[in-house]
file target06.cif (mmCIF, C-alpha atoms and all ligand atoms)
data_model
#
loop_
_atom_site.group_PDB
_atom_site.id
_atom_site.type_symbol
_atom_site.label_atom_id
_atom_site.label_comp_id
_atom_site.auth_asym_id
_atom_site.auth_seq_id
_atom_site.Cartn_x
_atom_site.Cartn_y
_atom_site.Cartn_z
ATOM 1 C CA MET T 759 -10.766 -44.562 -28.787
ATOM 2 C CA ALA T 760 -11.389 -42.314 -31.770
ATOM 3 C CA THR T 761 -13.215 -44.081 -34.543
ATOM 4 C CA ILE T 762 -12.690 -43.149 -38.158
ATOM 5 C CA GLY T 763 -15.303 -40.576 -39.024
ATOM 6 C CA GLY T 764 -16.093 -40.112 -35.328
ATOM 7 C CA ARG T 765 -16.222 -36.778 -33.553
ATOM 8 C CA PRO T 766 -12.560 -36.417 -32.508
ATOM 9 C CA GLU T 767 -11.510 -37.216 -36.074
ATOM 10 C CA GLN T 768 -13.904 -34.648 -37.501
ATOM 11 C CA ALA T 769 -12.808 -31.995 -35.042
ATOM 12 C CA MET T 770 -9.171 -32.633 -35.925
ATOM 13 C CA LEU T 771 -9.958 -32.460 -39.632
ATOM 14 C CA ARG T 772 -11.821 -29.172 -39.165
ATOM 15 C CA GLY T 773 -8.827 -27.829 -37.257
ATOM 16 C CA ILE T 774 -6.472 -28.825 -40.045
ATOM 17 C CA ILE T 775 -8.687 -27.330 -42.747
ATOM 18 C CA SER T 776 -9.098 -24.028 -40.907
ATOM 19 C CA THR T 777 -5.351 -23.654 -40.218
ATOM 20 C CA MET T 778 -4.005 -24.797 -43.608
ATOM 21 C CA GLY T 779 -2.654 -21.845 -45.576
ATOM 22 C CA LYS T 780 -3.452 -19.442 -42.758
ATOM 23 C CA ARG T 781 -1.222 -16.394 -42.450
ATOM 24 C CA SER T 782 0.029 -14.830 -39.224
ATOM 25 C CA GLY T 783 2.306 -11.885 -39.946
ATOM 26 C CA ARG T 784 5.114 -13.299 -42.065
ATOM 27 C CA LEU T 785 4.208 -16.943 -41.415
ATOM 28 C CA VAL T 786 2.053 -19.167 -43.623
ATOM 29 C CA ALA T 787 0.910 -22.542 -42.262
ATOM 30 C CA LEU T 788 1.965 -25.308 -44.673
ATOM 31 C CA SER T 789 1.267 -28.666 -43.042
ATOM 32 C CA PRO T 790 0.567 -30.270 -39.662
ATOM 33 C CA ALA T 791 3.685 -31.484 -37.855
ATOM 34 C CA GLY T 792 2.268 -33.670 -35.107
ATOM 35 C CA LYS T 793 1.950 -32.857 -31.440
ATOM 36 C CA GLN T 794 4.373 -31.490 -28.874
ATOM 37 C CA ALA T 795 3.320 -31.501 -25.225
ATOM 38 C CA ARG T 796 -0.355 -31.731 -26.292
ATOM 39 C CA ALA T 797 -0.067 -28.741 -28.647
ATOM 40 C CA ILE T 798 -0.718 -29.271 -32.350
ATOM 41 C CA MET T 799 2.320 -28.130 -34.309
ATOM 42 C CA TRP T 800 2.501 -26.758 -37.838
ATOM 43 C CA VAL T 801 5.281 -26.369 -40.355
ATOM 44 C CA CYS T 802 5.232 -22.737 -41.434
ATOM 45 C CA ARG T 803 7.109 -20.837 -44.055
ATOM 46 C CA CYS T 804 8.296 -17.358 -43.187
ATOM 47 C CA ASP T 805 8.372 -14.621 -45.831
ATOM 48 C CA CYS T 806 12.138 -14.411 -45.268
ATOM 49 C CA GLY T 807 12.494 -17.979 -46.604
ATOM 50 C CA GLN T 808 12.993 -19.837 -43.315
ATOM 51 C CA THR T 809 10.832 -22.802 -42.342
ATOM 52 C CA VAL T 810 9.814 -23.118 -38.707
ATOM 53 C CA ILE T 811 7.545 -25.316 -36.598
ATOM 54 C CA VAL T 812 5.120 -23.450 -34.339
ATOM 55 C CA LYS T 813 1.970 -24.233 -32.353
ATOM 56 C CA SER T 814 -1.248 -24.012 -34.372
ATOM 57 C CA SER T 815 -2.710 -21.883 -31.567
ATOM 58 C CA SER T 816 0.061 -19.317 -32.110
ATOM 59 C CA ILE T 817 -0.881 -19.021 -35.772
ATOM 60 C CA ASN T 818 -4.584 -18.864 -35.092
ATOM 61 C CA SER T 819 -4.255 -16.236 -32.377
ATOM 62 C CA GLY T 820 -1.616 -14.264 -34.261
ATOM 63 C CA SER T 821 0.742 -14.372 -31.276
ATOM 64 C CA THR T 822 3.646 -15.590 -33.422
ATOM 65 C CA LEU T 823 4.335 -13.440 -36.444
ATOM 66 C CA SER T 824 7.645 -14.639 -37.880
ATOM 67 C CA CYS T 825 10.440 -17.189 -37.646
ATOM 68 C CA GLY T 826 12.234 -14.733 -35.382
ATOM 69 C CA CYS T 827 13.464 -12.486 -38.182
ATOM 70 C CA LEU T 828 11.003 -9.734 -37.214
ATOM 71 C CA ARG T 829 12.546 -9.514 -33.779
ATOM 72 C CA ARG T 830 16.091 -9.527 -35.104
ATOM 73 C CA GLU T 831 15.292 -6.747 -37.570
ATOM 74 C CA ALA T 832 13.402 -4.748 -34.965
ATOM 75 C CA THR T 833 16.284 -5.010 -32.510
ATOM 76 C CA ARG T 834 18.758 -3.796 -35.079
ATOM 77 C CA ALA T 835 16.436 -0.999 -36.180
ATOM 78 C CA ALA T 836 15.767 0.006 -32.590
ATOM 79 C CA ILE T 837 19.438 0.230 -31.742
ATOM 80 C CA VAL T 838 20.147 2.376 -34.755
ATOM 81 C CA THR T 839 17.134 4.643 -34.735
ATOM 82 C CA HIS T 840 15.399 5.164 -31.429
ATOM 83 C CA GLY T 841 18.445 6.531 -29.637
ATOM 84 C CA MET T 842 17.355 4.935 -26.379
ATOM 85 C CA TYR T 843 19.721 2.017 -26.349
ATOM 86 C CA ARG T 844 21.542 3.419 -23.356
ATOM 87 C CA SER T 845 18.300 4.009 -21.440
ATOM 88 C CA ARG T 846 17.240 1.900 -18.496
ATOM 89 C CA GLU T 847 13.990 1.029 -20.302
ATOM 90 C CA TYR T 848 16.005 -0.455 -23.149
ATOM 91 C CA ARG T 849 18.214 -2.429 -20.774
ATOM 92 C CA THR T 850 15.105 -3.735 -18.999
ATOM 93 C CA TRP T 851 13.588 -4.778 -22.333
ATOM 94 C CA LYS T 852 16.762 -6.549 -23.439
ATOM 95 C CA HIS T 853 17.172 -8.422 -20.146
ATOM 96 C CA MET T 854 13.509 -9.458 -20.169
ATOM 97 C CA ILE T 855 13.971 -11.038 -23.604
ATOM 98 C CA GLN T 856 17.270 -12.642 -22.657
ATOM 99 C CA ARG T 857 16.006 -14.400 -19.538
ATOM 100 C CA CYS T 858 12.984 -15.744 -21.453
ATOM 101 C CA THR T 859 14.716 -16.817 -24.663
ATOM 102 C CA ASN T 860 18.360 -17.566 -23.871
ATOM 103 C CA PRO T 861 18.968 -20.857 -21.999
ATOM 104 C CA ASN T 862 22.580 -19.758 -21.369
ATOM 105 C CA LYS T 863 21.473 -16.962 -19.035
ATOM 106 C CA PRO T 864 21.680 -17.751 -15.309
ATOM 107 C CA GLU T 865 18.103 -16.477 -14.776
ATOM 108 C CA TRP T 866 16.707 -18.768 -17.511
ATOM 109 C CA PRO T 867 15.424 -21.571 -15.215
ATOM 110 C CA LYS T 868 13.150 -19.090 -13.394
ATOM 111 C CA TYR T 869 11.819 -17.598 -16.635
ATOM 112 C CA GLY T 870 12.043 -19.181 -20.097
ATOM 113 C CA GLY T 871 12.859 -22.492 -18.445
ATOM 114 C CA ARG T 872 9.468 -22.615 -16.760
ATOM 115 C CA GLY T 873 7.491 -21.353 -19.718
ATOM 116 C CA ILE T 874 7.448 -17.585 -19.059
ATOM 117 C CA ALA T 875 7.385 -15.914 -22.464
ATOM 118 C CA VAL T 876 7.477 -12.407 -23.887
ATOM 119 C CA CYS T 877 4.493 -11.535 -26.083
ATOM 120 C CA GLU T 878 5.293 -11.087 -29.771
ATOM 121 C CA ARG T 879 4.332 -7.416 -29.634
ATOM 122 C CA TRP T 880 7.187 -6.762 -27.192
ATOM 123 C CA LEU T 881 9.521 -9.415 -28.511
ATOM 124 C CA THR T 882 9.615 -7.737 -31.888
ATOM 125 C CA SER T 883 9.796 -4.122 -30.852
ATOM 126 C CA PHE T 884 11.349 -2.044 -28.118
ATOM 127 C CA GLU T 885 9.128 0.818 -29.319
ATOM 128 C CA ASN T 886 6.000 -1.234 -28.570
ATOM 129 C CA PHE T 887 7.336 -2.115 -25.144
ATOM 130 C CA TYR T 888 8.120 1.517 -24.399
ATOM 131 C CA ALA T 889 4.777 2.706 -25.763
ATOM 132 C CA ASP T 890 2.932 0.288 -23.460
ATOM 133 C CA MET T 891 5.076 0.696 -20.339
ATOM 134 C CA GLY T 892 6.221 4.303 -20.491
ATOM 135 C CA PRO T 893 9.328 5.598 -18.732
ATOM 136 C CA ARG T 894 10.682 3.542 -15.852
ATOM 137 C CA PRO T 895 10.754 5.514 -12.598
ATOM 138 C CA HIS T 896 13.975 5.429 -10.569
ATOM 139 C CA GLU T 897 14.276 2.477 -8.174
ATOM 140 C CA PHE T 898 11.473 0.697 -10.019
ATOM 141 C CA SER T 899 11.712 -2.502 -11.985
ATOM 142 C CA LEU T 900 9.565 -4.522 -14.336
ATOM 143 C CA ASP T 901 7.009 -6.538 -12.388
ATOM 144 C CA ARG T 902 4.589 -9.218 -13.509
ATOM 145 C CA GLU T 903 1.412 -9.106 -11.451
ATOM 146 C CA ASN T 904 0.821 -12.792 -12.014
ATOM 147 C CA ASN T 905 4.148 -14.396 -11.328
ATOM 148 C CA ASN T 906 3.276 -17.341 -13.578
ATOM 149 C CA GLY T 907 2.041 -15.114 -16.387
ATOM 150 C CA ASN T 908 3.923 -13.879 -19.420
ATOM 151 C CA TYR T 909 5.574 -10.567 -20.114
ATOM 152 C CA GLU T 910 2.660 -8.867 -21.846
ATOM 153 C CA PRO T 911 0.832 -5.537 -21.428
ATOM 154 C CA PRO T 912 -1.963 -6.471 -19.020
ATOM 155 C CA ASN T 913 0.379 -8.395 -16.722
ATOM 156 C CA CYS T 914 3.220 -5.896 -16.382
ATOM 157 C CA ARG T 915 3.941 -2.666 -14.594
ATOM 158 C CA TRP T 916 6.819 -0.737 -13.087
ATOM 159 C CA ALA T 917 6.884 -1.533 -9.407
ATOM 160 C CA ASP T 918 9.064 -0.512 -6.503
ATOM 161 C CA LEU T 919 10.728 -3.237 -4.481
ATOM 162 C CA SER T 920 8.157 -3.268 -1.667
ATOM 163 C CA THR T 921 5.281 -3.703 -4.149
ATOM 164 C CA GLN T 922 7.149 -6.537 -5.829
ATOM 165 C CA ALA T 923 7.839 -8.279 -2.553
ATOM 166 C CA ARG T 924 4.188 -7.974 -1.566
ATOM 167 C CA ASN T 925 2.997 -9.271 -4.923
ATOM 168 C CA SER T 926 5.239 -12.269 -4.928
ATOM 169 C CA ARG T 927 3.776 -13.215 -1.571
ATOM 170 C CA LYS T 928 0.011 -13.587 -1.414
ATOM 171 C CA VAL T 929 -2.836 -11.679 -3.051
ATOM 172 C CA PRO T 930 -4.269 -13.947 -5.753
ATOM 173 C CA SER T 931 -3.813 -12.312 -9.154
ATOM 174 C CA VAL T 932 -7.541 -12.081 -9.729
ATOM 175 C CA ASN T 933 -7.851 -9.755 -6.719
ATOM 176 C CA ARG T 934 -5.102 -7.397 -7.803
ATOM 177 C CA SER T 935 -5.545 -3.997 -9.294
ATOM 178 C CA ARG T 936 -3.477 -2.162 -11.851
ATOM 179 C CA PHE T 937 -3.043 0.512 -9.165
ATOM 180 C CA LYS T 938 -0.645 0.661 -6.285
ATOM 181 C CA GLY T 939 -2.204 -0.013 -2.892
ATOM 182 C CA VAL T 940 -5.487 -1.305 -4.311
ATOM 183 C CA TYR T 941 -7.011 -4.785 -4.286
ATOM 184 C CA PHE T 942 -10.423 -6.345 -4.751
ATOM 185 C CA CYS T 943 -12.136 -7.990 -1.790
ATOM 186 C CA ASN T 944 -15.698 -8.477 -0.486
ATOM 187 C CA GLY T 945 -17.234 -7.115 -3.694
ATOM 188 C CA ALA T 946 -15.452 -3.762 -3.572
ATOM 189 C CA TRP T 947 -12.081 -2.128 -4.204
ATOM 190 C CA GLN T 948 -10.013 -1.775 -1.067
ATOM 191 C CA ALA T 949 -7.176 0.654 -0.483
ATOM 192 C CA GLN T 950 -4.325 -0.060 1.872
ATOM 193 C CA ILE T 951 -0.930 1.491 2.471
ATOM 194 C CA ARG T 952 2.166 0.214 4.204
ATOM 195 C CA HIS T 953 3.624 2.623 6.690
ATOM 196 C CA LEU T 954 6.367 2.008 9.267
ATOM 197 C CA SER T 955 6.241 -1.675 8.272
ATOM 198 C CA ARG T 956 2.578 -2.212 8.935
ATOM 199 C CA GLY T 957 -0.498 -2.137 6.712
ATOM 200 C CA ILE T 958 -2.950 0.720 7.248
ATOM 201 C CA TYR T 959 -6.427 0.064 5.882
ATOM 202 C CA ILE T 960 -7.774 3.168 4.140
ATOM 203 C CA GLY T 961 -11.235 2.107 3.046
ATOM 204 C CA SER T 962 -13.572 0.392 0.612
ATOM 205 C CA PHE T 963 -14.545 2.004 -2.691
ATOM 206 C CA PRO T 964 -16.971 1.330 -5.549
ATOM 207 C CA SER T 965 -14.278 1.769 -8.201
ATOM 208 C CA GLU T 966 -10.630 0.980 -8.665
ATOM 209 C CA GLU T 967 -9.858 4.604 -9.530
ATOM 210 C CA LEU T 968 -11.473 5.969 -6.370
ATOM 211 C CA ALA T 969 -9.507 3.505 -4.273
ATOM 212 C CA ALA T 970 -6.312 4.548 -6.071
ATOM 213 C CA LYS T 971 -7.058 8.228 -5.407
ATOM 214 C CA ALA T 972 -7.661 7.488 -1.727
ATOM 215 C CA TYR T 973 -4.335 5.640 -1.617
ATOM 216 C CA ASP T 974 -2.590 8.644 -3.171
ATOM 217 C CA GLN T 975 -4.164 11.042 -0.709
ATOM 218 C CA LYS T 976 -3.060 8.896 2.220
ATOM 219 C CA ALA T 977 0.441 8.516 0.785
ATOM 220 C CA VAL T 978 0.844 12.292 0.510
ATOM 221 C CA GLU T 979 -0.580 12.721 3.996
ATOM 222 C CA LEU T 980 1.966 10.253 5.421
ATOM 223 C CA ARG T 981 4.990 10.956 3.256
ATOM 224 C CA GLY T 982 4.587 14.429 1.913
ATOM 225 C CA SER T 983 4.415 15.672 -1.651
ATOM 226 C CA SER T 984 7.339 13.517 -2.760
ATOM 227 C CA ALA T 985 5.374 10.294 -2.045
ATOM 228 C CA VAL T 986 5.231 7.687 -4.772
ATOM 229 C CA THR T 987 1.590 7.689 -5.818
ATOM 230 C CA ASN T 988 -0.505 6.240 -8.595
ATOM 231 C CA GLN T 989 -0.545 9.698 -10.103
ATOM 232 C CA SER T 990 3.222 10.206 -9.880
ATOM 233 C CA MET T 991 3.692 6.816 -11.564
ATOM 234 C CA GLY T 992 1.402 7.922 -14.390
ATOM 235 C CA LEU T 993 -1.226 5.296 -13.553
ATOM 236 C CA LEU T 994 -3.906 7.842 -12.749
ATOM 237 C CA SER T 995 -4.363 10.429 -15.468
ATOM 238 C CA CYS T 996 -6.223 13.069 -13.460
ATOM 239 C CA VAL T 997 -7.060 13.889 -9.863
HETATM 240 ZN ZN ZN F 1 11.576 -14.983 -41.066
#
call {"tool": "encode", "arguments": {"input": "target06.cif", "output": "structure tokens", "more": "lines below"}}
Ligand SMILES: [Zn+2]
result
Amino acid sequence: MATIGGRPEQAMLRGIISTMGKRSGRLVALSPAGKQARAIMWVCRCDCGQTVIVKSSSINSGSTLSCGCLRREATRAAIVTHGMYRSREYRTWKHMIQRCTNPNKPEWPKYGGRGIAVCERWLTSFENFYADMGPRPHEFSLDRENNNGNYEPPNCRWADLSTQARNSRKVPSVNRSRFKGVYFCNGAWQAQIRHLSRGIYIGSFPSEELAAKAYDQKAVELRGSSAVTNQSMGLLSCV
């Protein structure tokens, strides 16, 4: 359908010109390498000497920064220096990467196998992961709010099992909040708590934070001062 000199041709040419020679971290785009599943691929040279083929969108957005050498170096450095390689946060980080990048892992089909990826910021550095996520509370695990989304800062949090089970069920991701017990509905933030296996509606609030505080208050009221709250999870900075 595309005619020579027509619009699609021009758009493609503009794309090629703007990507050629572009740098993303250690990668430099050398030449187009055709298409793969509708994505335009580029041959890139890494500063370490390796040549790799990556999506042009990954170069243009800066989401891929190396041939993989950055991650390997970071992993080695992390193990040697940060002293947290026995921590549960480190184990969580390592398992997250394994199930998204290693087809030999039994969990692969549910993760890497269906396109769930780890963002480059976390892939390359345990320190980045830990800086974004903070310490993992006991009995909590890494949860993606959008189950089809990647492992990346806005989509991840530490969640207890009941929160995870609830998330994997309904609430569309667009209605979710970064806080426990809070969701968006009817133009306002709603707070709700589960108690004795039923949902108790707390109220409607103009802001996410206010709804989170109301949730916390109710949680303490129902469960005492040891209740898991947004504040105890470090999600709310002040009362
Ligand atoms: Zn490299």
call {"tool": "atom_distance", "arguments": {"input": "target06.cif", "atom1": "CA of Ala972 (chain T)", "atom2": "CA of Ala949 (chain T)"}}
result
7.0 Å
call {"tool": "atom_distance", "arguments": {"input": "target06.cif", "atom1": "CA of Asn904 (chain T)", "atom2": "CA of Leu994 (chain T)"}}
result
21.2 Å
call {"tool": "closest_residue", "arguments": {"input": "target06.cif", "among": "T:Val786, T:Ile960, T:Met991, T:Ala835", "to": "ligand ZN 1 (chain F)", "atoms": "all atoms listed in the file"}}
result
T:Val786
call {"tool": "residues_near_ligand", "arguments": {"input": "target06.cif", "ligand": "ligand ZN 1 (chain F)", "cutoff": "10 Å", "atoms": "all atoms listed in the file", "output": "ChimeraX atom specification"}}
result
/T:783-785,803-810,823-831
call {"tool": "closest_residue", "arguments": {"input": "target06.cif", "among": "T:Val940, T:Met778, T:Ile811, T:Met770", "to": "Gln794 (chain T)", "atoms": "all atoms listed in the file"}}
result
T:Ile811
call {"tool": "residues_around", "arguments": {"input": "target06.cif", "residues": "Trp800 (chain T)", "least_positions_apart": "4", "cutoff": "10 Å", "atoms": "all atoms listed in the file", "output": "list of chain:residue names"}}
result
T:Ile774, T:Thr777, T:Met778, T:Val786, T:Ala787, T:Leu788, T:Ser789, T:Pro790, T:Ala791, T:Gly792, T:Lys793, T:Val810, T:Ile811, T:Val812, T:Lys813, T:Ser814, T:Ser815, T:Ser816, T:Ile817
call {"tool": "resolve_selection", "arguments": {"input": "target06.cif", "expression": "the PyMOL selection byres (((chain T and resi 948) around 12) and not hetatm)", "output": "CSV table (one decimal) with C-alpha atoms, keeping the file's coordinate frame"}}
result
chain,number,residue,atom,x,y,z
T,933,ASN,CA,-7.9,-9.8,-6.7
T,934,ARG,CA,-5.1,-7.4,-7.8
T,935,SER,CA,-5.5,-4.0,-9.3
T,937,PHE,CA,-3.0,0.5,-9.2
T,938,LYS,CA,-0.6,0.7,-6.3
T,939,GLY,CA,-2.2,0.0,-2.9
T,940,VAL,CA,-5.5,-1.3,-4.3
T,941,TYR,CA,-7.0,-4.8,-4.3
T,942,PHE,CA,-10.4,-6.3,-4.8
T,943,CYS,CA,-12.1,-8.0,-1.8
T,944,ASN,CA,-15.7,-8.5,-0.5
T,945,GLY,CA,-17.2,-7.1,-3.7
T,946,ALA,CA,-15.5,-3.8,-3.6
T,947,TRP,CA,-12.1,-2.1,-4.2
T,949,ALA,CA,-7.2,0.7,-0.5
T,950,GLN,CA,-4.3,-0.1,1.9
T,951,ILE,CA,-0.9,1.5,2.5
T,958,ILE,CA,-3.0,0.7,7.2
T,959,TYR,CA,-6.4,0.1,5.9
T,960,ILE,CA,-7.8,3.2,4.1
T,961,GLY,CA,-11.2,2.1,3.0
T,962,SER,CA,-13.6,0.4,0.6
T,963,PHE,CA,-14.5,2.0,-2.7
T,964,PRO,CA,-17.0,1.3,-5.5
T,965,SER,CA,-14.3,1.8,-8.2
T,966,GLU,CA,-10.6,1.0,-8.7
T,967,GLU,CA,-9.9,4.6,-9.5
T,968,LEU,CA,-11.5,6.0,-6.4
T,969,ALA,CA,-9.5,3.5,-4.3
T,970,ALA,CA,-6.3,4.5,-6.1
T,971,LYS,CA,-7.1,8.2,-5.4
T,972,ALA,CA,-7.7,7.5,-1.7
T,973,TYR,CA,-4.3,5.6,-1.6
call {"tool": "atom_distance", "arguments": {"input": "target06.cif", "atom1": "CA of Asn818 (chain T)", "atom2": "CA of Ala769 (chain T)"}}
result
15.5 Å
call {"tool": "residues_around", "arguments": {"input": "target06.cif", "residues": "Phe884 (chain T)", "least_positions_apart": "2", "cutoff": "8 Å", "atoms": "only C-alpha atoms", "output": "list of chain:residue names"}}
result
T:Ala832, T:Thr833, T:Ala836, T:Tyr848, T:Trp851, T:Trp880, T:Leu881, T:Thr882, T:Asn886, T:Phe887, T:Tyr888
call {"tool": "resolve_selection", "arguments": {"input": "target06.cif", "expression": "the PyMOL selection byres (((chain T and resi 872) around 12) and not hetatm)", "output": "ChimeraX atom specification"}}
result
/T:857-859,861,865-871,873-875,905-908
call {"tool": "resolve_selection", "arguments": {"input": "target06.cif", "expression": "the PyMOL selection byres (((chain T and resi 890) around 12) and not hetatm)", "output": "list of chain:residue names"}}
result
T:Glu847, T:Trp851, T:Arg879, T:Trp880, T:Ser883, T:Phe884, T:Glu885, T:Asn886, T:Phe887, T:Tyr888, T:Ala889, T:Met891, T:Gly892, T:Pro893, T:Arg894, T:Tyr909, T:Glu910, T:Pro911, T:Pro912, T:Asn913, T:Cys914, T:Arg915, T:Trp916, T:Gly992, T:Leu993
call {"tool": "residues_around", "arguments": {"input": "target06.cif", "residues": "Ala977 (chain T)", "least_positions_apart": "2", "cutoff": "10 Å", "atoms": "all atoms listed in the file", "output": "ChimeraX atom specification"}}
result
/T:939,950-953,971-975,979-988
call {"tool": "closest_residue", "arguments": {"input": "target06.cif", "among": "T:Lys852, T:Arg846, T:Lys780, T:Arg936", "to": "Gly820 (chain T)", "atoms": "all atoms listed in the file"}}
result
T:Lys780
call {"tool": "axis_aligned_box", "arguments": {"input": "target06.cif", "around": "region 900-916 of chain T", "padding_each_side": "6 Å", "output": "lines of an AutoDock Vina configuration file"}}
result
center_x = 3.8
center_y = -9.0
center_z = -16.6
size_x = 23.5
size_y = 28.6
size_z = 22.5
